[in-house]
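Data block for run_35.csv (CSV, N, CA and C atoms):
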```
chain,number,residue,atom,x,y,z
A,1,MET,N,0.9,-1.2,0.0
A,1,MET,CA,0.0,0.0,0.0
A,1,MET,C,0.9,1.2,0.0
A,2,GLU,N,0.6,2.2,-0.9
A,2,GLU,CA,1.3,3.4,-1.0
A,2,GLU,C,1.0,4.3,0.2
A,3,PRO,N,2.0,5.2,0.6
A,3,PRO,CA,1.7,6.1,1.7
A,3,PRO,C,0.5,7.0,1.5
A,4,ASN,N,0.3,7.5,0.2
A,4,ASN,CA,-0.8,8.4,-0.1
A,4,ASN,C,-2.1,7.7,0.1
A,5,GLU,N,-2.1,6.4,-0.4
A,5,GLU,CA,-3.3,5.6,-0.2
A,5,GLU,C,-3.7,5.4,1.2
A,6,LEU,N,-2.7,5.1,2.0
A,6,LEU,CA,-2.9,4.9,3.5
A,6,LEU,C,-3.4,6.2,4.1
A,7,LEU,N,-2.8,7.3,3.8
A,7,LEU,CA,-3.3,8.6,4.3
A,7,LEU,C,-4.7,8.9,3.9
A,8,GLU,N,-5.0,8.6,2.6
A,8,GLU,CA,-6.4,8.8,2.2
A,8,GLU,C,-7.4,7.9,2.9
A,9,GLN,N,-7.0,6.7,3.2
A,9,GLN,CA,-7.8,5.7,3.9
A,9,GLN,C,-8.1,6.2,5.3
A,10,ILE,N,-7.0,6.7,6.0
A,10,ILE,CA,-7.1,7.2,7.3
A,10,ILE,C,-8.1,8.4,7.4
A,11,ARG,N,-7.9,9.3,6.4
A,11,ARG,CA,-8.8,10.4,6.4
A,11,ARG,C,-10.2,10.0,6.2
A,12,HIS,N,-10.4,9.0,5.3
A,12,HIS,CA,-11.8,8.6,5.0
A,12,HIS,C,-12.4,7.9,6.3
A,13,GLN,N,-11.6,7.1,7.0
A,13,GLN,CA,-12.1,6.5,8.2
A,13,GLN,C,-12.4,7.5,9.3
A,14,LEU,N,-11.6,8.6,9.4
A,14,LEU,CA,-11.8,9.6,10.4
A,14,LEU,C,-12.8,10.7,10.0
A,15,HIS,N,-13.3,10.6,8.8
A,15,HIS,CA,-14.3,11.5,8.2
A,15,HIS,C,-13.6,12.9,8.1
A,16,ILE,N,-12.4,13.0,7.7
A,16,ILE,CA,-11.7,14.3,7.5
A,16,ILE,C,-11.9,14.6,6.0
A,17,PRO,N,-12.4,15.8,5.7
A,17,PRO,CA,-12.7,16.2,4.3
A,17,PRO,C,-11.4,16.3,3.5
A,18,GLN,N,-11.5,15.8,2.3
A,18,GLN,CA,-10.3,15.8,1.4
A,18,GLN,C,-10.2,17.2,0.7
A,19,ALA,N,-9.1,17.5,0.2
A,19,ALA,CA,-8.9,18.8,-0.5
A,19,ALA,C,-9.9,19.0,-1.7
A,20,GLU,N,-10.1,17.9,-2.4
A,20,GLU,CA,-11.0,18.0,-3.5
A,20,GLU,C,-12.5,17.8,-3.1
A,21,ASP,N,-12.7,17.6,-1.9
A,21,ASP,CA,-14.1,17.4,-1.4
A,21,ASP,C,-14.8,18.8,-1.4
A,22,ALA,N,-16.0,18.8,-1.9
A,22,ALA,CA,-16.8,20.0,-2.1
A,22,ALA,C,-17.1,20.6,-0.8
A,23,THR,N,-17.3,19.8,0.3
A,23,THR,CA,-17.7,20.4,1.6
A,23,THR,C,-16.5,21.1,2.2
A,24,ALA,N,-15.3,20.7,1.8
A,24,ALA,CA,-14.1,21.4,2.5
A,24,ALA,C,-14.0,22.8,2.1
A,25,HIS,N,-14.5,23.2,0.9
A,25,HIS,CA,-14.4,24.6,0.5
A,25,HIS,C,-15.8,25.3,0.6
A,26,ALA,N,-16.7,24.8,1.3
A,26,ALA,CA,-18.0,25.4,1.5
A,26,ALA,C,-17.8,26.7,2.2
A,27,ALA,N,-18.4,27.8,1.7
A,27,ALA,CA,-18.3,29.1,2.3
A,27,ALA,C,-19.3,29.1,3.5
A,28,PRO,N,-19.0,29.8,4.6
A,28,PRO,CA,-19.9,29.9,5.7
A,28,PRO,C,-21.2,30.6,5.2
A,29,SER,N,-22.3,30.3,5.9
A,29,SER,CA,-23.5,30.9,5.5
A,29,SER,C,-23.5,32.4,5.7
A,30,PRO,N,-24.0,33.2,4.8
A,30,PRO,CA,-24.0,34.7,5.0
A,30,PRO,C,-24.8,35.1,6.3
A,31,ARG,N,-24.2,35.9,7.0
A,31,ARG,CA,-24.9,36.4,8.3
A,31,ARG,C,-25.5,37.7,8.0
A,32,THR,N,-26.6,38.0,8.6
A,32,THR,CA,-27.3,39.2,8.4
A,32,THR,C,-26.7,40.3,9.3
A,33,SER,N,-26.9,41.5,8.9
A,33,SER,CA,-26.4,42.6,9.7
A,33,SER,C,-26.9,42.6,11.1
A,34,ARG,N,-28.2,42.2,11.2
A,34,ARG,CA,-28.8,42.2,12.6
A,34,ARG,C,-28.1,41.2,13.5
A,35,GLU,N,-27.8,40.0,12.9
A,35,GLU,CA,-27.0,39.0,13.7
A,35,GLU,C,-25.7,39.4,14.1
A,36,THR,N,-25.0,40.1,13.2
A,36,THR,CA,-23.7,40.6,13.5
A,36,THR,C,-23.7,41.7,14.6
A,37,TRP,N,-24.7,42.6,14.5
A,37,TRP,CA,-24.8,43.6,15.5
A,37,TRP,C,-25.1,43.0,16.9
A,38,HIS,N,-26.0,42.0,16.8
A,38,HIS,CA,-26.4,41.3,18.1
A,38,HIS,C,-25.1,40.7,18.7
A,39,ASP,N,-24.3,40.0,17.9
A,39,ASP,CA,-23.1,39.4,18.4
A,39,ASP,C,-22.1,40.4,19.0
A,40,LEU,N,-22.0,41.5,18.3
A,40,LEU,CA,-21.1,42.6,18.7
A,40,LEU,C,-21.5,43.1,20.1
A,41,ARG,N,-22.8,43.4,20.2
A,41,ARG,CA,-23.3,44.0,21.4
A,41,ARG,C,-23.2,43.0,22.6
A,42,LYS,N,-23.4,41.7,22.3
A,42,LYS,CA,-23.3,40.7,23.3
A,42,LYS,C,-21.8,40.6,23.8
A,43,ALA,N,-20.9,40.6,22.8
A,43,ALA,CA,-19.5,40.6,23.2
A,43,ALA,C,-19.1,41.8,24.0
A,44,ILE,N,-19.6,43.0,23.7
A,44,ILE,CA,-19.3,44.2,24.5
A,44,ILE,C,-19.9,44.0,25.9
A,45,ARG,N,-21.1,43.5,26.0
A,45,ARG,CA,-21.7,43.3,27.3
A,45,ARG,C,-20.9,42.3,28.2
A,46,ASP,N,-20.5,41.2,27.5
A,46,ASP,CA,-19.7,40.3,28.2
A,46,ASP,C,-18.4,40.9,28.7
A,47,LEU,N,-17.8,41.7,27.8
A,47,LEU,CA,-16.5,42.4,28.2
A,47,LEU,C,-16.7,43.3,29.3
A,48,GLU,N,-17.8,44.0,29.3
A,48,GLU,CA,-18.1,45.0,30.4
A,48,GLU,C,-18.3,44.2,31.7
A,49,GLN,N,-19.0,43.1,31.7
A,49,GLN,CA,-19.3,42.4,32.9
A,49,GLN,C,-18.0,41.8,33.5
A,50,SER,N,-17.1,41.3,32.6
A,50,SER,CA,-15.9,40.7,33.1
A,50,SER,C,-14.9,41.8,33.6
A,51,ALA,N,-15.0,43.0,32.9
A,51,ALA,CA,-14.2,44.1,33.4
A,51,ALA,C,-14.6,44.7,34.7
A,52,ALA,N,-15.9,44.6,35.0
A,52,ALA,CA,-16.4,45.1,36.3
A,52,ALA,C,-16.0,44.2,37.4
A,53,GLY,N,-15.6,42.9,37.1
A,53,GLY,CA,-15.2,42.0,38.2
A,53,GLY,C,-13.7,42.1,38.5
A,54,VAL,N,-12.9,42.9,37.8
A,54,VAL,CA,-11.5,43.0,38.0
A,54,VAL,C,-11.2,43.7,39.3
A,55,GLY,N,-10.5,43.1,40.2
A,55,GLY,CA,-10.2,43.7,41.5
A,55,GLY,C,-11.2,43.6,42.5
A,56,VAL,N,-12.3,43.0,42.3
A,56,VAL,CA,-13.4,42.8,43.2
A,56,VAL,C,-13.3,41.5,44.0
A,57,LEU,N,-13.4,41.6,45.3
A,57,LEU,CA,-13.3,40.3,46.1
A,57,LEU,C,-14.5,39.5,45.8
A,58,PRO,N,-14.3,38.2,45.5
A,58,PRO,CA,-15.4,37.3,45.4
A,58,PRO,C,-16.2,37.1,46.7
A,59,THR,N,-17.5,36.9,46.6
A,59,THR,CA,-18.3,36.9,47.8
A,59,THR,C,-18.5,35.4,48.3
A,60,ASN,N,-18.1,34.4,47.5
A,60,ASN,CA,-18.3,33.1,47.9
A,60,ASN,C,-17.2,32.4,48.6
A,61,TYR,N,-16.2,33.1,49.2
A,61,TYR,CA,-15.1,32.5,49.9
A,61,TYR,C,-15.6,32.0,51.3
A,62,PRO,N,-15.0,30.9,51.8
A,62,PRO,CA,-15.4,30.5,53.1
A,62,PRO,C,-15.1,31.6,54.2
A,63,MET,N,-15.8,31.5,55.2
A,63,MET,CA,-15.8,32.6,56.3
A,63,MET,C,-14.3,32.7,56.8
A,64,HIS,N,-13.6,31.6,57.0
A,64,HIS,CA,-12.3,31.7,57.6
A,64,HIS,C,-11.2,32.3,56.6
A,65,LEU,N,-11.5,32.3,55.3
A,65,LEU,CA,-10.6,32.9,54.3
A,65,LEU,C,-10.9,34.4,54.0
A,66,ARG,N,-12.0,34.9,54.4
A,66,ARG,CA,-12.3,36.3,54.0
A,66,ARG,C,-11.3,37.3,54.6
A,67,PRO,N,-10.8,37.2,55.9
A,67,PRO,CA,-9.8,38.1,56.3
A,67,PRO,C,-8.5,38.0,55.5
A,68,VAL,N,-8.1,36.8,55.1
A,68,VAL,CA,-6.9,36.6,54.3
A,68,VAL,C,-7.1,37.3,53.0
A,69,MET,N,-8.2,37.1,52.3
A,69,MET,CA,-8.5,37.7,51.0
A,69,MET,C,-8.5,39.2,51.1
A,70,ARG,N,-9.1,39.8,52.2
A,70,ARG,CA,-9.1,41.2,52.4
A,70,ARG,C,-7.7,41.8,52.6
A,71,ALA,N,-6.9,41.0,53.3
A,71,ALA,CA,-5.5,41.5,53.5
A,71,ALA,C,-4.7,41.4,52.2
A,72,ILE,N,-4.9,40.4,51.4
A,72,ILE,CA,-4.2,40.3,50.1
A,72,ILE,C,-4.7,41.4,49.2
A,73,HIS,N,-6.0,41.7,49.2
A,73,HIS,CA,-6.6,42.8,48.4
A,73,HIS,C,-6.0,44.1,48.8
A,74,ALA,N,-5.9,44.3,50.1
A,74,ALA,CA,-5.3,45.6,50.6
A,74,ALA,C,-3.8,45.8,50.3
A,75,LEU,N,-3.1,44.7,50.1
A,75,LEU,CA,-1.7,44.7,49.9
A,75,LEU,C,-1.4,44.8,48.4
A,76,LEU,N,-2.3,44.6,47.5
A,76,LEU,CA,-2.1,44.6,46.1
A,76,LEU,C,-2.7,45.7,45.3
A,77,PRO,N,-2.9,46.9,45.8
A,77,PRO,CA,-3.6,47.9,44.9
A,77,PRO,C,-2.7,48.4,43.8
A,78,TRP,N,-1.4,48.3,43.9
A,78,TRP,CA,-0.5,48.6,42.9
A,78,TRP,C,-0.6,47.6,41.7
A,79,TYR,N,-1.1,46.5,41.9
A,79,TYR,CA,-1.4,45.5,40.9
A,79,TYR,C,-2.8,45.6,40.3
A,80,THR,N,-3.8,45.7,41.2
A,80,THR,CA,-5.1,45.7,40.7
A,80,THR,C,-5.6,47.0,40.1
A,81,ARG,N,-5.1,48.1,40.5
A,81,ARG,CA,-5.5,49.4,39.9
A,81,ARG,C,-5.2,49.5,38.4
A,82,PRO,N,-4.0,49.1,38.0
A,82,PRO,CA,-3.7,49.1,36.5
A,82,PRO,C,-4.6,48.1,35.8
A,83,LEU,N,-4.9,47.0,36.4
A,83,LEU,CA,-5.8,46.0,35.7
A,83,LEU,C,-7.2,46.6,35.6
A,84,GLN,N,-7.7,47.3,36.6
A,84,GLN,CA,-9.0,47.9,36.6
A,84,GLN,C,-9.0,49.0,35.5
A,85,GLN,N,-8.0,49.8,35.4
A,85,GLN,CA,-7.9,50.8,34.5
A,85,GLN,C,-7.8,50.3,33.0
A,86,HIS,N,-7.1,49.2,32.9
A,86,HIS,CA,-7.0,48.6,31.6
A,86,HIS,C,-8.3,48.0,31.1
A,87,ALA,N,-9.0,47.4,32.1
A,87,ALA,CA,-10.3,46.8,31.8
A,87,ALA,C,-11.3,47.9,31.4
A,88,ALA,N,-11.3,49.0,32.1
A,88,ALA,CA,-12.2,50.1,31.8
A,88,ALA,C,-11.9,50.7,30.4
A,89,ASN,N,-10.6,50.9,30.1
A,89,ASN,CA,-10.2,51.4,28.8
A,89,ASN,C,-10.6,50.5,27.7
A,90,THR,N,-10.5,49.2,27.9
A,90,THR,CA,-10.8,48.2,26.9
A,90,THR,C,-12.3,48.3,26.6
A,91,VAL,N,-13.2,48.4,27.6
A,91,VAL,CA,-14.6,48.6,27.4
A,91,VAL,C,-14.9,49.9,26.7
A,92,ALA,N,-14.2,51.0,27.0
A,92,ALA,CA,-14.4,52.3,26.4
A,92,ALA,C,-14.1,52.2,24.9
A,93,VAL,N,-13.0,51.5,24.6
A,93,VAL,CA,-12.6,51.4,23.2
A,93,VAL,C,-13.6,50.6,22.4
A,94,ALA,N,-14.1,49.5,23.0
A,94,ALA,CA,-15.1,48.7,22.4
A,94,ALA,C,-16.4,49.5,22.1
A,95,ARG,N,-16.8,50.3,23.1
A,95,ARG,CA,-18.0,51.1,22.9
A,95,ARG,C,-17.8,52.1,21.8
A,96,ALA,N,-16.6,52.7,21.7
A,96,ALA,CA,-16.3,53.7,20.7
A,96,ALA,C,-16.3,53.0,19.3
A,97,LEU,N,-15.7,51.8,19.2
A,97,LEU,CA,-15.8,51.1,17.9
A,97,LEU,C,-17.2,50.8,17.5
A,98,GLU,N,-18.0,50.4,18.5
A,98,GLU,CA,-19.4,50.1,18.2
A,98,GLU,C,-20.1,51.4,17.6
A,99,ALA,N,-19.8,52.5,18.2
A,99,ALA,CA,-20.4,53.8,17.7
A,99,ALA,C,-20.0,54.1,16.3
A,100,VAL,N,-18.7,53.9,16.1
A,100,VAL,CA,-18.1,54.2,14.7
A,100,VAL,C,-18.8,53.2,13.7
A,101,LEU,N,-18.9,52.0,14.0
A,101,LEU,CA,-19.5,51.0,13.1
A,101,LEU,C,-20.9,51.3,12.9
A,102,GLU,N,-21.7,51.7,13.9
A,102,GLU,CA,-23.1,52.1,13.7
A,102,GLU,C,-23.2,53.3,12.8
A,103,SER,N,-22.3,54.2,13.0
A,103,SER,CA,-22.3,55.4,12.1
A,103,SER,C,-22.0,55.0,10.6
A,104,VAL,N,-21.0,54.2,10.4
A,104,VAL,CA,-20.7,53.7,9.1
A,104,VAL,C,-21.9,53.0,8.5
A,105,GLU,N,-22.5,52.1,9.3
A,105,GLU,CA,-23.6,51.4,8.7
A,105,GLU,C,-24.8,52.3,8.4
A,106,SER,N,-25.1,53.3,9.2
A,106,SER,CA,-26.2,54.2,8.9
A,106,SER,C,-25.9,55.0,7.7
A,107,ARG,N,-24.6,55.4,7.5
A,107,ARG,CA,-24.3,56.2,6.3
A,107,ARG,C,-24.4,55.3,5.1
A,108,SER,N,-24.0,54.0,5.2
A,108,SER,CA,-24.0,53.2,4.0
A,108,SER,C,-25.5,52.8,3.6
A,109,THR,N,-26.4,52.8,4.5
A,109,THR,CA,-27.8,52.5,4.2
A,109,THR,C,-28.5,53.7,3.6
A,110,GLU,N,-28.0,54.9,3.9
A,110,GLU,CA,-28.6,56.1,3.3
A,110,GLU,C,-28.4,56.1,1.8
A,111,THR,N,-29.5,56.5,1.1
A,111,THR,CA,-29.3,56.6,-0.4
A,111,THR,C,-28.8,58.0,-0.8
A,112,PRO,N,-27.9,58.0,-1.7
A,112,PRO,CA,-27.4,59.4,-2.1
A,112,PRO,C,-28.5,60.1,-2.9
A,113,ARG,N,-28.8,61.4,-2.5
A,113,ARG,CA,-29.8,62.1,-3.1
A,113,ARG,C,-29.5,62.6,-4.5
A,114,SER,N,-28.4,63.3,-4.6
A,114,SER,CA,-27.9,63.8,-5.9
A,114,SER,C,-26.4,63.8,-6.0
A,115,GLY,N,-25.9,63.9,-7.2
A,115,GLY,CA,-24.5,63.9,-7.4
A,115,GLY,C,-23.8,65.1,-6.8
A,116,ALA,N,-24.5,66.2,-6.7
A,116,ALA,CA,-23.8,67.4,-6.1
A,116,ALA,C,-23.5,67.3,-4.6
A,117,ASP,N,-24.3,66.5,-3.9
A,117,ASP,CA,-24.1,66.4,-2.5
A,117,ASP,C,-23.0,65.4,-2.1
A,118,SER,N,-22.7,64.5,-3.1
A,118,SER,CA,-21.8,63.4,-2.7
A,118,SER,C,-20.4,64.0,-2.7
A,119,PRO,N,-19.6,63.6,-1.7
A,119,PRO,CA,-18.2,64.0,-1.6
A,119,PRO,C,-17.3,63.3,-2.6
A,120,ARG,N,-16.3,63.9,-3.1
A,120,ARG,CA,-15.4,63.2,-4.1
A,120,ARG,C,-14.1,63.0,-3.5
```

As C-alpha cells - that is how I would like this structure written.
Amino acid sequence: MEPNELLEQIRHQLHIPQAEDATAHAAPSPRTSRETWHDLRKAIRDLEQSAAGVGVLPTNYPMHLRPVMRAIHALLPWYTRPLQQHAANTVAVARALEAVLESVESRSTETPRSGADSPR
C-alpha cells in the first residue's frame, strides 16, 4: 500500500474532508447585519461584565478565608489598579468602535440624493 493511499484511507475512516471534497471549500452561510450587531453587542456586554469584576473580592469565599483575602486585596492595589484601568479602557474602546461601526452602517444605508451632495 502506498503512503498516499494509506493517508487517504485514514482520512476517510476519520471523516476528514479531502482537499477535492466540495464540503471542504464550502463558504460559511452569510450572516445578516442584525445577527452581526447582536453578536457585537453581546461581546461588549460580556466584556463589560468581566471588566467590572477585576479587582473585586469574590463573595463566595469560606468565612475563615475572608480576612486573608481582604489582607491580600489591601496589599495589592499597585497590581489591581492598573488592571482595573486597563479593563475600563478596553470597554471604552469597544464602545467607541461600536459607535463608529453604527455610524458607518447608517451612512451606508442612506441613499445618495444627488451627485452634487456626494463628496469626491

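Using only N, CA and C atoms, the nearest neighbour of A:Leu47 within the list A:Leu97, A:Ala87, A:Trp78, A:Ser106 is A:Ala87.
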
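Picture a line from atom CA of A:Ala99 to atom C of A:Thr36; it runs 12.9 Å.
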
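Residues in contact with A:Thr90 at up to 12 Å, not including ones fewer than 4 positions away on its chain and judged by only C-alpha atoms, are Ile44, Arg45, Asp46, Leu47, Glu48, Gln49, Ser50, Ala51, Ala52, Pro82, Leu83, Gln84, Gln85, His86, Ala94, Arg95, Ala96 and Leu97 of chain A.
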
Original post:
To one decimal place, how far is atom CA of A:Pro58 from atom CA of A:Val93 in Å?
Top reply: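 Straight-line distance from atom CA of A:Pro58 to atom CA of A:Val93 works out to 26.4 Å.
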
**Request:** Please report, as JSON, numbers by chain, each residue of chain A to which DSSP assigns alpha helix (DSSP H) when run on this structure's backbone.
**Result:** {"A": [3, 4, 5, 6, 7, 8, 9, 10, 11, 12, 13, 33, 34, 35, 36, 37, 38, 39, 40, 41, 42, 43, 44, 45, 46, 47, 48, 49, 50, 51, 52, 66, 67, 68, 69, 70, 71, 72, 73, 74, 75, 77, 78, 79, 80, 81, 82, 83, 84, 85, 86, 87, 88, 89, 90, 91, 92, 93, 94, 95, 96, 97, 98, 99, 100, 101, 102, 103, 104, 105, 106, 107, 108, 109]}

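Interatomic distance, atom C of A:Pro30 to atom CA of A:Glu102: 18.6 Å.
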
Min atom-atom distance to A:Glu98 from the set A:Ala71, A:Arg41, A:Glu110, A:Val54, counting only N, CA and C atoms, belongs to A:Arg41

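Minimum distance to A:Gly53 across A:Ala88, A:Arg11, A:Glu105, A:Glu5 (counting only C-alpha atoms) occurs at A:Ala88.
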
Exercise for review: Point out the residue among A:Val100, A:Leu6, A:Leu40, A:Ile72 with the least atom-to-atom distance to A:Val56, counting only C-alpha atoms.
Suggested key: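 Once distances to A:Val56 are computed over only C-alpha atoms, the minimum belongs to A:Ile72.
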